$ cat my_file_30.pdb   # PDB, C-alpha atoms and all ligand atoms
ATOM      1  CA  MET D  22    -124.429-150.143  23.165
ATOM      2  CA  LYS D  23    -123.470-147.281  20.847
ATOM      3  CA  GLU D  24    -120.801-144.852  21.961
ATOM      4  CA  LYS D  25    -122.244-141.452  22.967
ATOM      5  CA  HIS D  26    -120.636-138.362  21.475
ATOM      6  CA  LEU D  27    -122.971-135.702  22.753
ATOM      7  CA  SER D  28    -122.637-134.555  26.326
ATOM      8  CA  GLU D  29    -125.057-134.627  29.216
ATOM      9  CA  LYS D  30    -125.203-130.858  28.801
ATOM     10  CA  PHE D  31    -126.515-131.342  25.260
ATOM     11  CA  TYR D  32    -129.266-133.675  26.390
ATOM     12  CA  GLN D  33    -130.233-131.418  29.296
ATOM     13  CA  ALA D  34    -130.433-128.369  27.033
ATOM     14  CA  MET D  35    -132.544-130.290  24.533
ATOM     15  CA  LYS D  36    -134.844-131.611  27.264
ATOM     16  CA  GLN D  37    -135.696-128.018  28.140
ATOM     17  CA  LYS D  38    -136.566-127.286  24.522
ATOM     18  CA  GLU D  39    -138.627-130.389  23.813
ATOM     19  CA  SER D  40    -141.890-128.972  25.171
ATOM     20  CA  ARG D  41    -141.639-125.982  22.829
ATOM     21  CA  TYR D  42    -141.364-128.253  19.792
ATOM     22  CA  PRO D  43    -144.184-130.799  19.835
ATOM     23  CA  ASP D  44    -143.110-132.048  16.382
ATOM     24  CA  ARG D  45    -139.726-133.595  17.084
ATOM     25  CA  LYS D  46    -138.458-132.741  13.587
ATOM     26  CA  ALA D  47    -138.592-129.086  14.628
ATOM     27  CA  LEU D  48    -135.839-129.914  17.107
ATOM     28  CA  ILE D  49    -133.339-130.478  14.312
ATOM     29  CA  LEU D  50    -132.120-126.872  14.093
ATOM     30  CA  PRO D  51    -131.840-126.324  17.871
ATOM     31  CA  ALA D  52    -130.058-129.671  18.197
ATOM     32  CA  LEU D  53    -127.561-128.754  15.467
ATOM     33  CA  HIS D  54    -126.964-125.374  17.142
ATOM     34  CA  GLN D  55    -126.452-126.950  20.517
ATOM     35  CA  ALA D  56    -124.098-129.620  19.197
ATOM     36  CA  GLN D  57    -122.064-127.118  17.203
ATOM     37  CA  ALA D  58    -121.784-124.842  20.236
ATOM     38  CA  GLU D  59    -120.171-127.763  22.064
ATOM     39  CA  TYR D  60    -118.034-129.214  19.280
ATOM     40  CA  GLY D  61    -117.329-126.208  17.099
ATOM     41  CA  TRP D  62    -118.360-128.353  14.128
ATOM     42  CA  LEU D  63    -120.596-131.302  13.347
ATOM     43  CA  PRO D  64    -118.810-134.620  12.821
ATOM     44  CA  LYS D  65    -120.676-137.510  11.162
ATOM     45  CA  GLU D  66    -121.025-139.408  14.436
ATOM     46  CA  VAL D  67    -122.646-136.378  16.050
ATOM     47  CA  LEU D  68    -125.119-136.021  13.160
ATOM     48  CA  ALA D  69    -125.954-139.706  13.539
ATOM     49  CA  GLU D  70    -126.543-139.312  17.259
ATOM     50  CA  ILE D  71    -128.784-136.293  16.675
ATOM     51  CA  ALA D  72    -130.786-138.357  14.165
ATOM     52  CA  GLU D  73    -131.207-141.105  16.730
ATOM     53  CA  TYR D  74    -132.215-138.626  19.430
ATOM     54  CA  ILE D  75    -134.818-136.964  17.214
ATOM     55  CA  GLY D  76    -135.980-140.196  15.645
ATOM     56  CA  VAL D  77    -135.343-139.445  11.986
ATOM     57  CA  HIS D  78    -133.049-140.910   9.362
ATOM     58  CA  GLU D  79    -129.461-139.702   9.464
ATOM     59  CA  ALA D  80    -129.788-138.451   5.882
ATOM     60  CA  GLN D  81    -132.427-135.935   6.987
ATOM     61  CA  ILE D  82    -130.065-134.447   9.529
ATOM     62  CA  ARG D  83    -127.267-134.270   6.966
ATOM     63  CA  GLU D  84    -129.604-132.579   4.480
ATOM     64  CA  VAL D  85    -130.491-129.854   6.958
ATOM     65  CA  ALA D  86    -126.934-129.403   8.201
ATOM     66  CA  SER D  87    -125.565-129.097   4.671
ATOM     67  CA  PHE D  88    -128.297-126.686   3.548
ATOM     68  CA  TYR D  89    -127.402-123.968   6.044
ATOM     69  CA  THR D  90    -123.965-122.383   5.784
ATOM     70  CA  MET D  91    -123.994-121.650   9.530
ATOM     71  CA  TYR D  92    -123.323-125.310  10.252
ATOM     72  CA  ASN D  93    -119.746-126.470   9.975
ATOM     73  CA  LEU D  94    -119.379-129.934   8.522
ATOM     74  CA  LYS D  95    -115.637-129.891   8.943
ATOM     75  CA  PRO D  96    -113.421-128.506  11.704
ATOM     76  CA  VAL D  97    -113.006-124.741  11.771
ATOM     77  CA  GLY D  98    -110.417-122.472  13.316
ATOM     78  CA  LYS D  99    -110.829-120.709  16.635
ATOM     79  CA  MET D 100    -111.864-117.589  14.725
ATOM     80  CA  HIS D 101    -114.177-118.254  11.799
ATOM     81  CA  LEU D 102    -114.355-115.282   9.462
ATOM     82  CA  LYS D 103    -117.373-115.471   7.177
ATOM     83  CA  LEU D 104    -117.267-112.732   4.601
ATOM     84  CA  CYS D 105    -120.516-111.890   2.903
ATOM     85  CA  THR D 106    -120.021-111.977  -0.855
ATOM     86  CA  ASN D 107    -123.592-111.233  -1.839
ATOM     87  CA  VAL D 108    -124.642-108.317  -4.047
ATOM     88  CA  ALA D 109    -124.624-105.345  -1.641
ATOM     89  CA  CYS D 110    -121.332-106.392  -0.085
ATOM     90  CA  CYS D 111    -119.782-107.094  -3.495
ATOM     91  CA  LEU D 112    -120.791-103.667  -4.726
ATOM     92  CA  ARG D 113    -118.923-102.251  -1.747
ATOM     93  CA  GLY D 114    -115.726-104.257  -2.196
ATOM     94  CA  ALA D 115    -116.299-107.743  -0.727
ATOM     95  CA  ASP D 116    -114.266-109.396  -3.484
ATOM     96  CA  GLU D 117    -111.249-107.222  -2.710
ATOM     97  CA  LEU D 118    -111.691-107.937   0.997
ATOM     98  CA  MET D 119    -111.761-111.667   0.343
ATOM     99  CA  GLU D 120    -108.631-111.410  -1.774
ATOM    100  CA  TYR D 121    -106.946-109.411   0.971
ATOM    101  CA  ALA D 122    -108.010-111.855   3.715
ATOM    102  CA  GLU D 123    -106.724-114.800   1.680
ATOM    103  CA  LYS D 124    -103.341-113.122   1.273
ATOM    104  CA  LYS D 125    -103.161-111.950   4.859
ATOM    105  CA  LEU D 126    -104.054-115.361   6.318
ATOM    106  CA  GLY D 127    -102.243-117.407   3.665
ATOM    107  CA  VAL D 128    -105.281-119.574   2.951
ATOM    108  CA  LYS D 129    -107.948-119.777   0.285
ATOM    109  CA  CYS D 130    -111.621-119.222   0.995
ATOM    110  CA  GLY D 131    -112.944-122.365   2.674
ATOM    111  CA  GLU D 132    -109.626-123.207   4.324
ATOM    112  CA  THR D 133    -108.222-123.067   7.851
ATOM    113  CA  THR D 134    -104.791-121.739   8.736
ATOM    114  CA  PRO D 135    -102.314-124.521   9.643
ATOM    115  CA  ASP D 136    -102.220-123.344  13.280
ATOM    116  CA  GLY D 137    -106.004-123.671  13.522
ATOM    117  CA  ALA D 138    -106.388-120.006  14.421
ATOM    118  CA  PHE D 139    -108.543-118.828  11.499
ATOM    119  CA  THR D 140    -110.994-120.260   9.033
ATOM    120  CA  LEU D 141    -111.999-118.086   6.112
ATOM    121  CA  SER D 142    -115.215-118.654   4.238
ATOM    122  CA  GLU D 143    -117.822-116.788   2.265
ATOM    123  CA  GLU D 144    -121.378-116.289   3.343
ATOM    124  CA  GLU D 145    -124.648-115.423   1.681
ATOM    125  CA  CYS D 146    -126.381-112.152   2.632
ATOM    126  CA  LEU D 147    -126.086-111.625   6.377
ATOM    127  CA  GLY D 148    -129.058-109.274   6.433
ATOM    128  CA  ALA D 149    -126.952-106.225   7.195
ATOM    129  CA  CYS D 150    -126.719-104.765   3.686
ATOM    130  CA  THR D 151    -127.007-101.176   4.933
ATOM    131  CA  THR D 152    -123.649-101.572   6.647
ATOM    132  CA  ALA D 153    -121.988-103.530   3.823
ATOM    133  CA  PRO D 154    -119.452-104.942   3.470
ATOM    134  CA  VAL D 155    -120.034-107.240   6.393
ATOM    135  CA  MET D 156    -118.503-110.359   7.869
ATOM    136  CA  MET D 157    -119.244-112.565  10.807
ATOM    137  CA  ALA D 158    -116.407-113.265  13.186
ATOM    138  CA  ASN D 159    -117.642-116.367  14.983
ATOM    139  CA  ASP D 160    -121.048-115.116  16.203
ATOM    140  CA  ASP D 161    -120.373-111.386  15.962
ATOM    141  CA  TYR D 162    -121.034-109.016  13.099
ATOM    142  CA  VAL D 163    -118.229-106.792  11.866
ATOM    143  CA  GLU D 164    -119.685-104.106   9.630
ATOM    144  CA  ASN D 165    -118.591-101.284   7.316
ATOM    145  CA  LEU D 166    -115.426-103.196   6.550
ATOM    146  CA  ASP D 167    -112.568-101.919   4.495
ATOM    147  CA  ILE D 168    -109.023-103.219   4.045
ATOM    148  CA  ASN D 169    -107.780-101.234   7.045
ATOM    149  CA  SER D 170    -110.463-102.372   9.441
ATOM    150  CA  LEU D 171    -110.160-105.973   8.255
ATOM    151  CA  ASN D 172    -106.403-105.858   8.755
ATOM    152  CA  HIS D 173    -106.860-104.291  12.175
ATOM    153  CA  PHE D 174    -109.408-106.933  13.154
ATOM    154  CA  ILE D 175    -107.185-109.846  12.114
ATOM    155  CA  GLU D 176    -104.170-108.344  13.904
ATOM    156  CA  LYS D 177    -106.234-107.806  17.045
ATOM    157  CA  VAL D 178    -107.362-111.444  17.051
ATOM    158  CA  LYS D 179    -103.788-112.613  16.503
ATOM    159  CA  HIS D 180    -102.555-110.565  19.454
ATOM    160  CA  GLU D 181    -105.319-111.758  21.744
ATOM    161  CA  ARG D 182    -104.335-115.407  21.252
TER     162      ARG D 182
HETATM  163  S1  LIG D 201    -125.295-108.528   0.832
HETATM  164 FE1  LIG D 201    -123.888-108.621   2.446
HETATM  165  S2  LIG D 201    -125.128-108.297   4.175
HETATM  166 FE2  LIG D 201    -126.547-108.314   2.563
END

$ encode --input "my_file_30.pdb" --output "structure tokens"
Amino acid sequence: MKEKHLSEKFYQAMKQKESRYPDRKALILPALHQAQAEYGWLPKEVLAEIAEYIGVHEAQIREVASFYTMYNLKPVGKMHLKLCTNVACCLRGADELMEYAEKKLGVKCGETTPDGAFTLSEEECLGACTTAPVMMANDDYVENLDINSLNHFIEKVKHER
């Protein structure tokens, strides 16, 4: 028997959703969300188990998970900063913010700090262009960023640890 990676909680949560998604393939996104909420990222074994649960080939799950930037295919830090680098945010200084964040955290975009506290990555348009530049800090939006507010935010997170 194959080793299970996903928890009972995962299967219970999915059971509640099954009736809303008569086509089981439509369960892929909710399953990825649920698994990531538990794991923080989506290891290969978890993707394989999701494929088995839904009844599709593993490659289909990997395709979906790698298409959306919201899914983490490698471990991320406790605080995942996703800076939008799309047009509106760039016009309002996103590149400078990214440069600043890289210096401040001592990592390049796409990397995690050695202590596992922060991951820094870039994101496509977050749909909040009117308050650009914007980043997501885990699941929260941080808007109207500038160097000062970004610095303040990072310091605040560091002190809350
Ligand atoms: S371009 Fe950054 S939120 Fe739209």

$ residues_around --input "my_file_30.pdb" --residues "region 31-46 of chain D" --least-positions-apart "2" --cutoff "7 Å" --atoms "only C-alpha atoms" --output "ChimeraX atom specification"
/D:27-29,48-49,52,55-56,75

$ resolve_selection --input "my_file_30.pdb" --expression "the PyMOL selection byres (((not hetatm)) within 8 of (chain D and resi 201))" --output "list in words"
Cys105, Thr106, Asn107, Val108, Ala109, Cys110, Cys111, Glu145, Cys146, Leu147, Gly148, Ala149, Cys150, Thr151, Thr152, Ala153, Pro154, Val155 and Met156 of chain D

$ atom_distance --input "my_file_30.pdb" --atom1 "CA of Leu126 (chain D)" --atom2 "CA of Met157 (chain D)"
16.1 Å

$ closest_atom_pairs --input "my_file_30.pdb" --of "region 127-170 of chain D" --to "region 81-92 of chain D" --cutoff "10 Å" --atoms "all atoms listed in the file" --output "tab-separated table"
residue	atom	partner	partner_atom	distance
D:Ser142	CA	D:Thr90	CA	9.6
D:Glu143	CA	D:Thr90	CA	9.0
D:Glu144	CA	D:Thr90	CA	7.1
D:Glu145	CA	D:Thr90	CA	8.1
D:Asn159	CA	D:Met91	CA	9.9
D:Asp160	CA	D:Met91	CA	9.8

$ closest_residue --input "my_file_30.pdb" --among "D:Gly76, D:Gly114, D:Gly61, D:Gly137" --to "Leu94 (chain D)" --atoms "only C-alpha atoms"
D:Gly61

$ atom_distance --input "my_file_30.pdb" --atom1 "CA of Ile175 (chain D)" --atom2 "CA of Asn93 (chain D)"
20.9 Å

$ closest_residue --input "my_file_30.pdb" --among "D:Glu176, D:Glu24, D:Ala47, D:Asp136" --to "Val77 (chain D)" --atoms "all atoms listed in the file"
D:Ala47

$ resolve_selection --input "my_file_30.pdb" --expression "the PyMOL selection byres (((chain D and resi 64) around 9) and not hetatm)" --output "PyMOL selection string"
chain D and resi 60+62-63+65-69+93-96

$ write_last_selection --input "my_file_30.pdb" --atoms "C-alpha atoms" --output "PDB file, keeping the file's coordinate frame"
ATOM      1  CA  TYR D  60    -118.034-129.214  19.280  1.00  0.00           C
ATOM      2  CA  TRP D  62    -118.360-128.353  14.128  1.00  0.00           C
ATOM      3  CA  LEU D  63    -120.596-131.302  13.347  1.00  0.00           C
ATOM      4  CA  LYS D  65    -120.676-137.510  11.162  1.00  0.00           C
ATOM      5  CA  GLU D  66    -121.025-139.408  14.436  1.00  0.00           C
ATOM      6  CA  VAL D  67    -122.646-136.378  16.050  1.00  0.00           C
ATOM      7  CA  LEU D  68    -125.119-136.021  13.160  1.00  0.00           C
ATOM      8  CA  ALA D  69    -125.954-139.706  13.539  1.00  0.00           C
ATOM      9  CA  ASN D  93    -119.746-126.470   9.975  1.00  0.00           C
ATOM     10  CA  LEU D  94    -119.379-129.934   8.522  1.00  0.00           C
ATOM     11  CA  LYS D  95    -115.637-129.891   8.943  1.00  0.00           C
ATOM     12  CA  PRO D  96    -113.421-128.506  11.704  1.00  0.00           C
TER      13      PRO D  96
END

$ closest_residue --input "my_file_30.pdb" --among "D:Ala122, D:Ala138, D:Leu50, D:Ala58" --to "Val97 (chain D)" --atoms "all atoms listed in the file"
D:Ala138

$ closest_residue --input "my_file_30.pdb" --among "D:Lys30, D:Leu102, D:Arg113, D:Phe139" --to "Leu171 (chain D)" --atoms "all atoms listed in the file"
D:Leu102
